[in-house]
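Trainee: So that we are looking at the same thing, I have put the structure below in structure tokens.
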Number of protein chains: 2
Amino acid sequence: MTDTHIALAHGNGGRLMRELIDEVFARCLDSPSLDTRVDAAPVPGPADDCELCVSTDGFTVQPLEYPGGDIGSLAVHGTVNDLAVSGATPTVLTVNAFVEEGLEIALLERLVHSMGQAARSAGVAIVAGDTKVLRRGEGGGVYFATTGLGVRARASDLGPHRIEAGDVLLISGPVGDHGAAVMLAREQFGLRGDVRSDAASVLGLTQALLDLDGLRFMRDPTRGGLATVVHEITATSRHGARLRETDIPVREPVSSVCEMLGYDPYYLACEGRVLAVLSPADADVALERWHAIPGGEQARKIGVTTTESPRVILETAIGGERYLEELEDDPLPRIC
Amino acid sequence: MTDTHIALAHGNGGRLMRELIDEVFARCLDSPSLDTRVDAAPVPGPADDCELCVSTDGFTVQPLEYPGGDIGSLAVHGTVNDLAVSGATPTVLTVNAFVEEGLEIALLERLVHSMGQAARSAGVAIVAGDTKVLRRGEGGGVYFATTGLGVRARASDLGPHRIEAGDVLLISGPVGDHGAAVMLAREQFGLRGDVRSDAASVLGLTQALLDLDGLRFMRDPTRGGLATVVHEITATSRHGARLRETDIPVREPVSSVCEMLGYDPYYLACEGRVLAVLSPADADVALERWHAIPGGEQARKIGVTTTESPRVILETAIGGERYLEELEDDPLPRIC
């Protein structure tokens with residue numbers, strides 16, 4: 001492209017828009033299934049014993065690039081992971097970009113390139129997209145929305161309705177890294193630290209457990225973090241939950257950042273972790289499998305569901321107990 | 001909801017976000033297939049003789065409400081119509097909302113309600129969604145992105161590659177109404193006029209032609225308008241195109257607005273029109289069918305493809321000729 005920055009005319013439907021689509025999106029995504037000339041792209045249907053499912057997510061992180069990732073790869077991982085934790089294998093993805101006038105095109109290219117790489121590494125084809133240009137000051141640089149299709153076995157039945165009292169909660173790795181990394185990358189806090197986002201596809205982790213009869217439920221603890229997912233589990237299953245503080249893995253630099261800024265790491269977003277609920281009988285098998293998989297080396301059993309009232313109790317390191325409440329009016333930094 | 005305006009905390013994953021989703025999106029969309037608790041929603045697979053296809057679109061119109069429509073219904077019609085002109089019947093839709101801090105919740109409810117109505121009237125189920133809250137000043141009120149799935153006959157083969165010289169171009173109704181209505185609704189122009197957006201589902205119009213062997217190609221002339229679609233036809237098919245100014249329907253108030261503001265109505269967006277290309281043998285049948293359908297009463301033959309060089313020639317009312325060029329650096333008002 002001859003231009004170095006996005007102009008409003010890149011959204012007008014004419015030559016500049018065509019160049020933006022061809023030379024940034026099509027080229028950097030490098031997706032053989034993407035035909036930018038058609039209104040609707042064909043997608044594979046499911047096999048007989050599978051059903052199709054769909055998931056969608058929007059992405060507004062600031063800054064756009066941070067240690068361990070950027071909004072481009074995040075937009076792929078977020079939707080891939082929503083499909084993965086629902087028991088599906090993602091097949092195709094669509095991308096919407098809302099690009100702000102004035103954005104540097106070199107930056108956009110890096111983000112779209114990162115998006116294409118993340119898609120290829122997750123084995124998902126980007127088949128359709130759309131771009132709109134927002135007026136200067138009205139867009140935060142770029143927002144993405146992605147929608148993914150996946151296939152899952154018809155026999156699959158995961159959900160909080162399957163959870164029984166006495167089930168075991170597993171987390172695939174340390175929590176809060178993504179949220180802490182993004183906060184550190186924002187200059188406003190004036191902090192530095194060795195924290196990288198955990199953003200990654202969790203497809204390997206979820207697929208490793210799908211054949212276990214005792215697998216009840218999986219979710220990626222993104223917005224609202226681990227505490228919010230466990231809160232949702234209790235609210236929907238009507239069981240209580242007990243977490244053991246000493247068993248929940250939190251990296252030291254993440255704890256430090258949280259202490260300094262007054263955040264609780266259990267409420268910070270992860271973008272490459274899975275929380276799974278399993279029967280006691282299958283929890284050990286699951287843990288063993290995760291330990292053998294890249295990204296699951298630090299998996300831990302972190303708690304159990306109980307017959308108590310549907311609240312989340314944290315058993316603290318010093319032997320006390322406190323409730324982990326649902327987030328109220330807490331404007332966390334924009335991290336996903 | 002107890003709040004009257006959107007706060008950042010409506011995006012934090014906690015109680016306020018759940019309220020926003022349950023009490024605005026789920027309630028106003030009123031879509032029985034929408035389960036706000038799942039990561040991925042099941043969608044119907046195609047029948048054996050059909051293939052699945054997907055389309056996605058982003059929506060950033062200002063103002064959010066205008067005569068004849070709003071960004072909510074537009075976000076449904078836009079994606080429904082992209083599927084429709086590709087020969088598909090839309091089945092399910094996903095919605096992403098980027099909502100700006102400070103937006104009045106009553107306004108958001110109107111927009112989401114309008115979105116739900118448009119979806120029901122097009123026979124498409126909204127099955128999944130996501131909401132992000134943007135900081136005040138960073139969002140233009142609300143942006144939507146919708147992704148639609150549809151099914152079409154495997155035998156269907158529409159596209160510019162099917163177009164032959166001597167084919168006939170049909171438009172289903174007057175052009176430029178949507179673009180003109182949105183411009184008038186923006187206070188900056190200080191104009192008033194009796195122009196309503198043509199935004200509507202074109203599904204009835206497209207399905208009426210699908211069994212015609214001579215149907216080559218359909219498209220809804222949105223961003224960039226009629227001229228941009230015909231330009232694309234010539235660029236892809238490598239045929240010339242001739243349009244007759246006297247045959248292209250433009251409503252009088254739309255012409256007036258364009259004259260005053262210096263816009264060409266052929267470049268203004270329509271959101272409820274179809275441009276179809278047919279063999280001469282089938283063009284008359286198509287026109288007759290459209291005339292019998294609501295929204296097609298004013299359909300017209302507006303031109304032909306030729307063996308000339310691949311450019312768009314307008315035969316003017318006074319007997320002259322001029323080229324309709326591709327849009328260049330023209331920042332049209334944000335109308336879709």
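In the structure tokens, each chain is lettered A, B, ... as it comes, each chain's residues begin at 1, and ligands are numbered from 1 in order of appearance.
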Would you mind listing, for every residue of chain B within 7 Å of chain A, the two atoms forming the shortest contact and the distance between them in Å to one decimal, using only C-alpha atoms, sorted by chain and ascending residue number, as a Markdown table?

Mentor:
```
| residue | atom | partner | partner_atom | distance |
| --- | --- | --- | --- | --- |
| B:Leu8 | CA | A:Pro331 | CA | 5.5 |
| B:Ala9 | CA | A:Pro331 | CA | 4.7 |
| B:Asn12 | CA | A:Gly224 | CA | 6.2 |
| B:Gly13 | CA | A:Gly224 | CA | 4.7 |
| B:Gly14 | CA | A:Leu327 | CA | 4.2 |
| B:Arg15 | CA | A:Glu328 | CA | 5.6 |
| B:Leu16 | CA | A:Glu328 | CA | 6.5 |
| B:Asp39 | CA | A:Asp82 | CA | 5.2 |
| B:Ala40 | CA | A:Ser55 | CA | 4.5 |
| B:Ala41 | CA | A:Cys53 | CA | 5.1 |
| B:Pro42 | CA | A:Cys53 | CA | 4.0 |
| B:Val43 | CA | A:Cys53 | CA | 5.3 |
| B:Pro44 | CA | A:Leu52 | CA | 6.7 |
| B:Gly45 | CA | A:Gly45 | CA | 6.0 |
| B:Pro46 | CA | A:Gly45 | CA | 6.6 |
| B:Glu51 | CA | A:Pro42 | CA | 6.8 |
| B:Leu52 | CA | A:Val43 | CA | 5.5 |
| B:Cys53 | CA | A:Pro42 | CA | 4.0 |
| B:Val54 | CA | A:Ala40 | CA | 5.1 |
| B:Ser55 | CA | A:Ala40 | CA | 4.5 |
| B:Thr56 | CA | A:Gly129 | CA | 5.9 |
| B:Asp57 | CA | A:Asp130 | CA | 5.3 |
| B:Gly58 | CA | A:Asn96 | CA | 6.2 |
| B:Asp82 | CA | A:Asp39 | CA | 5.2 |
| B:Leu83 | CA | A:Ala40 | CA | 5.7 |
| B:Ser86 | CA | A:Asp39 | CA | 6.1 |
| B:Thr94 | CA | A:Thr56 | CA | 6.7 |
| B:Asn96 | CA | A:Gly58 | CA | 6.2 |
| B:Ala128 | CA | A:Ser55 | CA | 6.3 |
| B:Gly129 | CA | A:Thr56 | CA | 5.9 |
| B:Asp130 | CA | A:Asp57 | CA | 5.3 |
| B:Thr131 | CA | A:Gly58 | CA | 6.9 |
| B:Lys132 | CA | A:Gly58 | CA | 6.4 |
| B:Gly137 | CA | A:Glu138 | CA | 6.3 |
| B:Glu138 | CA | A:Glu138 | CA | 4.4 |
| B:Gly139 | CA | A:Glu138 | CA | 5.1 |
| B:Gly140 | CA | A:Glu138 | CA | 6.0 |
| B:Ala145 | CA | A:Asn96 | CA | 6.8 |
| B:Thr147 | CA | A:Thr147 | CA | 6.8 |
| B:Arg223 | CA | A:Gly13 | CA | 5.1 |
| B:Gly224 | CA | A:Gly13 | CA | 4.7 |
| B:Thr228 | CA | A:Gly14 | CA | 6.9 |
| B:Glu326 | CA | A:Gly14 | CA | 5.7 |
| B:Leu327 | CA | A:Gly14 | CA | 4.3 |
| B:Glu328 | CA | A:Arg15 | CA | 5.6 |
| B:Asp329 | CA | A:Ala9 | CA | 5.2 |
| B:Asp330 | CA | A:Ala9 | CA | 5.6 |
| B:Pro331 | CA | A:Ala9 | CA | 4.7 |
| B:Leu332 | CA | A:Asn12 | CA | 6.3 |
```

Trainee: Show me, as a list in words, the residues that have an atom within 12 Å of Ser309 of chain B when counting only C-alpha atoms, minus same-chain residues fewer than 4 positions from it.

Mentor: Ala165, His231, Thr234, Ala235, Thr236, Ser237, Arg238, His239, Gly240, Ala241, Arg242, Thr305, Ile313 and Tyr323 of chain B

Trainee: When you count only C-alpha atoms, which of these residues is closest to Ile105 of chain B: B:Thr206, B:Thr2, B:Ser121, B:Thr306?

Mentor: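 Using only C-alpha atoms, Ile105 of chain B sits closest to B:Thr2.
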
Trainee: What is the distance between atom CA of Ile318 of chain B and atom CA of Ala299 of chain B, in Å to one decimal?

Mentor: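 Computed distance, atom CA of Ile318 of chain B to atom CA of Ala299 of chain B, equals 22.7 Å.
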
Trainee: Find, counting only C-alpha atoms, the residue in A:Leu278, A:Val285, A:Ile71, A:Ile248 that gets nearest to Gln298 of chain A.

Mentor: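 Between A:Leu278, A:Val285, A:Ile71, A:Ile248, the residue approaching Gln298 of chain A most closely is A:Ile248.
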
Trainee: For the atom pair atom CA of Gly214 of chain A and atom CA of Ala281 of chain A, what is the interatomic distance in Å to one decimal place?

Mentor: 7.2 Å

Trainee: Put chain A on top of chain B with a least-squares fit on all C-alpha atoms, paired in order, and send it back as a compact mmCIF listing (two decimals) with C-alpha atoms, in the first residue's frame.

Mentor:
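Generated output (selection.txt):
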```txt
# COMPACT_ATOMS: atom_id res chain seq x y z
CA MET A 1 -32.29 -2.47 34.78
CA THR A 2 -31.79 0.09 37.51
CA ASP A 3 -29.10 2.00 35.61
CA THR A 4 -30.08 4.48 32.92
CA HIS A 5 -26.72 4.75 31.17
CA ILE A 6 -23.96 2.33 30.22
CA ALA A 7 -20.98 2.24 32.61
CA LEU A 8 -17.60 0.61 32.11
CA ALA A 9 -18.61 -1.95 34.73
CA HIS A 10 -21.27 -3.22 32.31
CA GLY A 11 -18.35 -4.82 30.50
CA ASN A 12 -16.40 -6.33 33.40
CA GLY A 13 -17.82 -9.85 33.40
CA GLY A 14 -19.72 -9.43 36.67
CA ARG A 15 -23.24 -8.72 37.81
CA LEU A 16 -23.81 -5.57 35.78
CA MET A 17 -22.71 -7.28 32.59
CA ARG A 18 -25.02 -10.17 33.29
CA GLU A 19 -27.88 -7.71 33.81
CA LEU A 20 -27.09 -5.91 30.56
CA ILE A 21 -27.07 -9.19 28.67
CA ASP A 22 -30.17 -10.61 30.31
CA GLU A 23 -32.32 -7.50 30.57
CA VAL A 24 -31.38 -5.66 27.40
CA PHE A 25 -30.02 -8.14 24.87
CA ALA A 26 -31.85 -11.36 25.74
CA ARG A 27 -35.13 -9.62 26.58
CA CYS A 28 -35.22 -7.15 23.68
CA LEU A 29 -33.94 -9.62 21.09
CA ASP A 30 -36.62 -12.05 22.23
CA SER A 31 -34.93 -14.92 20.40
CA PRO A 32 -35.92 -18.35 21.74
CA SER A 33 -32.71 -19.88 20.35
CA LEU A 34 -30.45 -17.54 22.30
CA ASP A 35 -28.91 -19.14 25.38
CA THR A 36 -26.72 -16.48 26.97
CA ARG A 37 -25.06 -19.03 29.27
CA VAL A 38 -23.21 -21.15 26.75
CA ASP A 39 -19.86 -20.58 25.05
CA ALA A 40 -21.02 -21.98 21.74
CA ALA A 41 -24.53 -22.42 20.39
CA PRO A 42 -25.60 -25.42 18.30
CA VAL A 43 -26.76 -24.54 14.79
CA PRO A 44 -28.60 -26.67 12.24
CA GLY A 45 -26.50 -28.33 9.57
CA PRO A 46 -27.52 -28.23 5.91
CA ALA A 47 -29.64 -30.83 4.12
CA ASP A 48 -27.81 -33.17 1.73
CA ASP A 49 -28.45 -31.14 -1.39
CA CYS A 50 -27.47 -27.88 0.29
CA GLU A 51 -24.27 -26.28 1.41
CA LEU A 52 -23.70 -24.02 4.37
CA CYS A 53 -22.33 -20.53 3.88
CA VAL A 54 -21.32 -17.68 6.13
CA SER A 55 -21.20 -13.91 5.85
CA THR A 56 -20.17 -11.14 8.23
CA ASP A 57 -20.57 -7.38 8.37
CA GLY A 58 -19.85 -4.46 10.71
CA PHE A 59 -22.13 -1.47 11.29
CA THR A 60 -21.12 2.03 12.33
CA VAL A 61 -23.84 4.34 11.05
CA GLN A 62 -24.28 7.83 12.52
CA PRO A 63 -26.85 8.80 13.71
CA LEU A 64 -27.93 5.55 15.30
CA GLU A 65 -31.59 6.17 14.42
CA TYR A 66 -32.85 7.77 11.20
CA PRO A 67 -36.08 7.87 9.20
CA GLY A 68 -36.85 4.35 8.03
CA GLY A 69 -34.52 2.46 10.33
CA ASP A 70 -31.72 2.31 12.86
CA ILE A 71 -28.39 0.56 13.38
CA GLY A 72 -30.15 -2.39 15.03
CA SER A 73 -32.32 -3.42 12.11
CA LEU A 74 -29.54 -2.42 9.69
CA ALA A 75 -27.18 -4.89 11.35
CA VAL A 76 -29.65 -7.68 10.67
CA HIS A 77 -30.65 -6.65 7.17
CA GLY A 78 -27.03 -6.14 6.10
CA THR A 79 -25.97 -9.68 6.83
CA VAL A 80 -29.28 -11.29 5.86
CA ASN A 81 -29.00 -9.53 2.49
CA ASP A 82 -25.40 -10.61 1.90
CA LEU A 83 -26.53 -14.20 2.35
CA ALA A 84 -29.67 -13.65 0.27
CA VAL A 85 -27.81 -12.26 -2.77
CA SER A 86 -25.43 -15.19 -2.64
CA GLY A 87 -28.43 -17.45 -3.19
CA ALA A 88 -28.73 -18.60 0.40
CA THR A 89 -31.55 -18.71 2.93
CA PRO A 90 -30.25 -17.25 6.21
CA THR A 91 -30.79 -19.48 9.22
CA VAL A 92 -28.89 -18.13 12.23
CA LEU A 93 -27.18 -14.91 13.21
CA THR A 94 -24.64 -13.92 15.85
CA VAL A 95 -24.32 -10.38 17.18
CA ASN A 96 -21.37 -8.44 18.58
CA ALA A 97 -22.08 -5.16 20.30
CA PHE A 98 -19.43 -2.55 21.11
CA VAL A 99 -21.28 -0.17 23.40
CA GLU A 100 -19.89 3.17 24.51
CA GLU A 101 -19.80 4.16 28.16
CA GLY A 102 -22.51 6.75 28.75
CA LEU A 103 -24.94 5.45 26.13
CA GLU A 104 -28.52 5.76 27.27
CA ILE A 105 -29.86 2.30 28.03
CA ALA A 106 -33.33 3.22 26.76
CA LEU A 107 -31.76 3.93 23.37
CA LEU A 108 -29.84 0.66 23.42
CA GLU A 109 -33.06 -1.16 24.21
CA ARG A 110 -34.79 0.40 21.22
CA LEU A 111 -31.93 -0.63 18.94
CA VAL A 112 -31.79 -4.18 20.23
CA HIS A 113 -35.54 -4.49 20.04
CA SER A 114 -35.44 -3.33 16.43
CA MET A 115 -32.71 -5.88 15.78
CA GLY A 116 -34.86 -8.67 17.22
CA GLN A 117 -37.85 -7.62 15.12
CA ALA A 118 -35.79 -7.50 11.93
CA ALA A 119 -34.41 -10.97 12.66
CA ARG A 120 -37.84 -12.47 13.26
CA SER A 121 -39.27 -10.88 10.13
CA ALA A 122 -36.40 -12.35 8.09
CA GLY A 123 -36.91 -15.76 9.70
CA VAL A 124 -33.42 -15.87 11.14
CA ALA A 125 -32.62 -16.91 14.71
CA ILE A 126 -30.12 -14.94 16.80
CA VAL A 127 -28.22 -17.69 18.61
CA ALA A 128 -25.11 -16.11 20.11
CA GLY A 129 -23.68 -12.74 20.99
CA ASP A 130 -21.05 -10.79 22.85
CA THR A 131 -20.89 -7.32 24.37
CA LYS A 132 -17.92 -5.08 25.04
CA VAL A 133 -18.05 -1.66 26.66
CA LEU A 134 -15.86 1.08 25.18
CA ARG A 135 -14.62 4.07 27.14
CA ARG A 136 -16.57 7.29 26.79
CA GLY A 137 -15.58 9.06 23.57
CA GLU A 138 -14.16 5.90 22.03
CA GLY A 139 -17.21 4.37 20.49
CA GLY A 140 -19.71 6.44 18.51
CA GLY A 141 -22.52 5.18 20.77
CA VAL A 142 -22.65 1.63 19.54
CA TYR A 143 -21.13 -0.48 16.80
CA PHE A 144 -22.56 -3.84 15.83
CA ALA A 145 -21.06 -6.74 13.95
CA THR A 146 -23.26 -9.58 12.77
CA THR A 147 -22.34 -12.93 11.28
CA GLY A 148 -24.91 -15.03 9.51
CA LEU A 149 -25.16 -18.61 8.41
CA GLY A 150 -27.33 -19.71 5.55
CA VAL A 151 -27.99 -22.71 3.36
CA ARG A 152 -28.07 -22.74 -0.39
CA ALA A 153 -28.54 -25.39 -3.05
CA ARG A 154 -25.29 -27.12 -3.94
CA ALA A 155 -26.23 -26.63 -7.57
CA SER A 156 -26.24 -22.83 -7.08
CA ASP A 157 -23.46 -21.12 -8.99
CA LEU A 158 -23.88 -17.37 -8.95
CA GLY A 159 -21.03 -14.94 -9.51
CA PRO A 160 -19.47 -12.45 -11.88
CA HIS A 161 -17.73 -15.37 -13.65
CA ARG A 162 -21.13 -16.39 -15.03
CA ILE A 163 -21.78 -13.02 -16.67
CA GLU A 164 -21.75 -12.85 -20.48
CA ALA A 165 -21.74 -9.86 -22.81
CA GLY A 166 -25.32 -8.90 -23.59
CA ASP A 167 -26.67 -9.81 -20.17
CA VAL A 168 -29.23 -7.50 -18.62
CA LEU A 169 -28.87 -5.52 -15.36
CA LEU A 170 -31.95 -5.18 -13.16
CA ILE A 171 -32.38 -3.06 -10.06
CA SER A 172 -35.19 -3.93 -7.66
CA GLY A 173 -36.08 -0.32 -6.78
CA PRO A 174 -34.90 3.30 -6.48
CA VAL A 175 -31.29 3.81 -5.42
CA GLY A 176 -29.64 6.02 -2.81
CA ASP A 177 -32.49 6.29 -0.30
CA HIS A 178 -30.55 4.85 2.63
CA GLY A 179 -27.50 7.04 2.08
CA ALA A 180 -29.59 10.16 1.58
CA ALA A 181 -31.80 9.45 4.62
CA VAL A 182 -28.78 9.03 6.88
CA MET A 183 -27.14 12.19 5.57
CA LEU A 184 -30.31 14.18 6.16
CA ALA A 185 -30.58 12.79 9.67
CA ARG A 186 -27.16 14.19 10.48
CA GLU A 187 -27.55 17.66 11.80
CA GLN A 188 -24.32 18.86 10.26
CA PHE A 189 -25.95 19.38 6.88
CA GLY A 190 -28.77 21.56 8.21
CA LEU A 191 -31.16 20.05 5.68
CA ARG A 192 -34.60 18.50 5.97
CA GLY A 193 -36.37 16.34 3.47
CA ASP A 194 -38.82 13.55 3.02
CA VAL A 195 -36.38 10.69 2.57
CA ARG A 196 -36.60 7.36 4.37
CA SER A 197 -34.04 4.59 4.37
CA ASP A 198 -34.89 1.66 2.11
CA ALA A 199 -33.30 -0.76 4.63
CA ALA A 200 -35.14 -4.07 4.49
CA SER A 201 -34.60 -7.76 3.94
CA VAL A 202 -34.24 -8.60 0.25
CA LEU A 203 -34.78 -12.29 0.82
CA GLY A 204 -38.13 -12.34 -0.98
CA LEU A 205 -36.59 -10.66 -4.01
CA THR A 206 -33.62 -12.98 -4.27
CA GLN A 207 -35.56 -16.17 -3.69
CA ALA A 208 -37.99 -15.23 -6.45
CA LEU A 209 -35.19 -15.57 -9.02
CA LEU A 210 -33.21 -18.57 -7.80
CA ASP A 211 -34.82 -21.08 -10.17
CA LEU A 212 -33.97 -19.07 -13.29
CA ASP A 213 -31.15 -20.69 -15.26
CA GLY A 214 -30.25 -17.31 -16.70
CA LEU A 215 -29.63 -15.75 -13.27
CA ARG A 216 -25.90 -14.95 -13.22
CA PHE A 217 -25.22 -12.73 -10.24
CA MET A 218 -26.93 -10.71 -7.53
CA ARG A 219 -25.62 -8.13 -5.10
CA ASP A 220 -27.04 -5.56 -2.72
CA PRO A 221 -25.52 -2.18 -3.57
CA THR A 222 -24.53 -0.99 -0.07
CA ARG A 223 -21.25 0.87 0.56
CA GLY A 224 -20.26 2.62 -2.65
CA GLY A 225 -23.77 2.19 -4.10
CA LEU A 226 -24.91 0.99 -7.49
CA ALA A 227 -21.89 2.39 -9.36
CA THR A 228 -19.46 0.43 -7.18
CA VAL A 229 -21.27 -2.87 -7.75
CA VAL A 230 -21.39 -2.37 -11.51
CA HIS A 231 -17.74 -1.37 -11.45
CA GLU A 232 -16.96 -4.61 -9.65
CA ILE A 233 -18.95 -6.56 -12.23
CA THR A 234 -16.90 -5.10 -15.07
CA ALA A 235 -13.60 -5.53 -13.24
CA THR A 236 -14.25 -9.18 -12.47
CA SER A 237 -16.12 -10.32 -15.58
CA ARG A 238 -13.88 -8.24 -17.93
CA HIS A 239 -17.00 -7.15 -19.83
CA GLY A 240 -18.10 -3.57 -20.31
CA ALA A 241 -21.35 -2.23 -18.87
CA ARG A 242 -23.72 0.44 -20.11
CA LEU A 243 -26.30 2.02 -17.82
CA ARG A 244 -29.09 4.30 -19.00
CA GLU A 245 -29.55 7.29 -16.73
CA THR A 246 -33.22 7.63 -17.66
CA ASP A 247 -33.90 4.04 -16.57
CA ILE A 248 -32.22 4.14 -13.16
CA PRO A 249 -34.89 4.93 -10.61
CA VAL A 250 -33.94 7.72 -8.18
CA ARG A 251 -36.62 9.31 -6.02
CA GLU A 252 -37.02 13.05 -6.45
CA PRO A 253 -36.14 14.00 -2.85
CA VAL A 254 -33.01 11.84 -3.11
CA SER A 255 -31.94 13.65 -6.29
CA SER A 256 -32.53 17.00 -4.59
CA VAL A 257 -30.44 16.12 -1.56
CA CYS A 258 -27.65 14.86 -3.80
CA GLU A 259 -27.72 17.99 -5.89
CA MET A 260 -27.52 20.23 -2.85
CA LEU A 261 -24.73 18.29 -1.19
CA GLY A 262 -22.80 17.43 -4.32
CA TYR A 263 -23.20 13.66 -4.15
CA ASP A 264 -23.94 11.27 -6.97
CA PRO A 265 -26.91 9.04 -6.02
CA TYR A 266 -25.33 6.13 -7.88
CA TYR A 267 -22.62 6.02 -5.22
CA LEU A 268 -24.97 6.26 -2.24
CA ALA A 269 -25.76 3.13 -0.25
CA CYS A 270 -29.00 1.23 -0.59
CA GLU A 271 -29.82 -1.29 2.14
CA GLY A 272 -32.89 -2.95 0.69
CA ARG A 273 -32.20 -3.22 -3.04
CA VAL A 274 -30.85 -5.95 -5.28
CA LEU A 275 -28.89 -5.57 -8.48
CA ALA A 276 -29.32 -8.73 -10.55
CA VAL A 277 -27.65 -9.76 -13.80
CA LEU A 278 -29.60 -12.13 -16.05
CA SER A 279 -29.56 -13.53 -19.53
CA PRO A 280 -31.79 -11.52 -21.88
CA ALA A 281 -34.14 -14.51 -22.07
CA ASP A 282 -34.77 -14.56 -18.30
CA ALA A 283 -34.58 -10.83 -17.59
CA ASP A 284 -38.22 -10.23 -18.49
CA VAL A 285 -39.45 -13.10 -16.32
CA ALA A 286 -37.36 -11.77 -13.44
CA LEU A 287 -38.72 -8.26 -13.84
CA GLU A 288 -42.29 -9.55 -13.89
CA ARG A 289 -41.73 -11.56 -10.72
CA TRP A 290 -40.16 -8.62 -8.91
CA HIS A 291 -43.01 -6.32 -9.87
CA ALA A 292 -45.38 -8.71 -8.10
CA ILE A 293 -43.41 -8.71 -4.84
CA PRO A 294 -43.49 -6.11 -2.02
CA GLY A 295 -40.31 -4.06 -2.42
CA GLY A 296 -39.99 -4.89 -6.13
CA GLU A 297 -42.84 -2.78 -7.53
CA GLN A 298 -40.41 -0.24 -8.97
CA ALA A 299 -37.88 -2.70 -10.38
CA ARG A 300 -36.31 -1.68 -13.68
CA LYS A 301 -33.95 -2.88 -16.37
CA ILE A 302 -31.16 -0.35 -16.14
CA GLY A 303 -28.50 -1.51 -18.57
CA VAL A 304 -26.54 -4.28 -20.26
CA THR A 305 -23.11 -5.81 -20.28
CA THR A 306 -21.14 -5.36 -23.49
CA THR A 307 -18.08 -6.53 -25.36
CA GLU A 308 -16.49 -3.12 -24.75
CA SER A 309 -13.54 -2.60 -22.41
CA PRO A 310 -14.36 -3.33 -18.76
CA ARG A 311 -15.60 0.10 -17.70
CA VAL A 312 -18.97 1.46 -16.67
CA ILE A 313 -20.51 3.87 -19.16
CA LEU A 314 -23.52 5.95 -18.23
CA GLU A 315 -25.68 7.01 -21.14
CA THR A 316 -26.96 10.33 -19.86
CA ALA A 317 -30.45 11.75 -20.13
CA ILE A 318 -29.29 14.35 -22.63
CA GLY A 319 -27.78 11.75 -24.96
CA GLY A 320 -24.15 11.93 -23.85
CA GLU A 321 -21.91 9.34 -22.22
CA ARG A 322 -19.72 9.44 -19.13
CA TYR A 323 -17.68 6.92 -17.22
CA LEU A 324 -18.73 5.94 -13.71
CA GLU A 325 -15.34 5.50 -12.07
CA GLU A 326 -14.43 3.55 -8.97
CA LEU A 327 -14.62 5.64 -5.80
CA GLU A 328 -11.27 7.12 -4.94
CA ASP A 329 -10.46 9.30 -1.96
CA ASP A 330 -14.06 10.23 -1.18
CA PRO A 331 -14.93 10.12 2.48
CA LEU A 332 -18.68 9.69 2.21
CA PRO A 333 -20.72 10.11 5.39
CA ARG A 334 -20.72 7.03 7.58
CA ILE A 335 -23.89 5.41 6.42
CA CYS A 336 -23.54 1.72 7.11
```

Trainee: Could you pull out the strand (DSSP E or B) residues of segment 100-159 of chain B from DSSP and send them as number ranges by chain?

Mentor: B: 100, 104, 125-134, 142-153
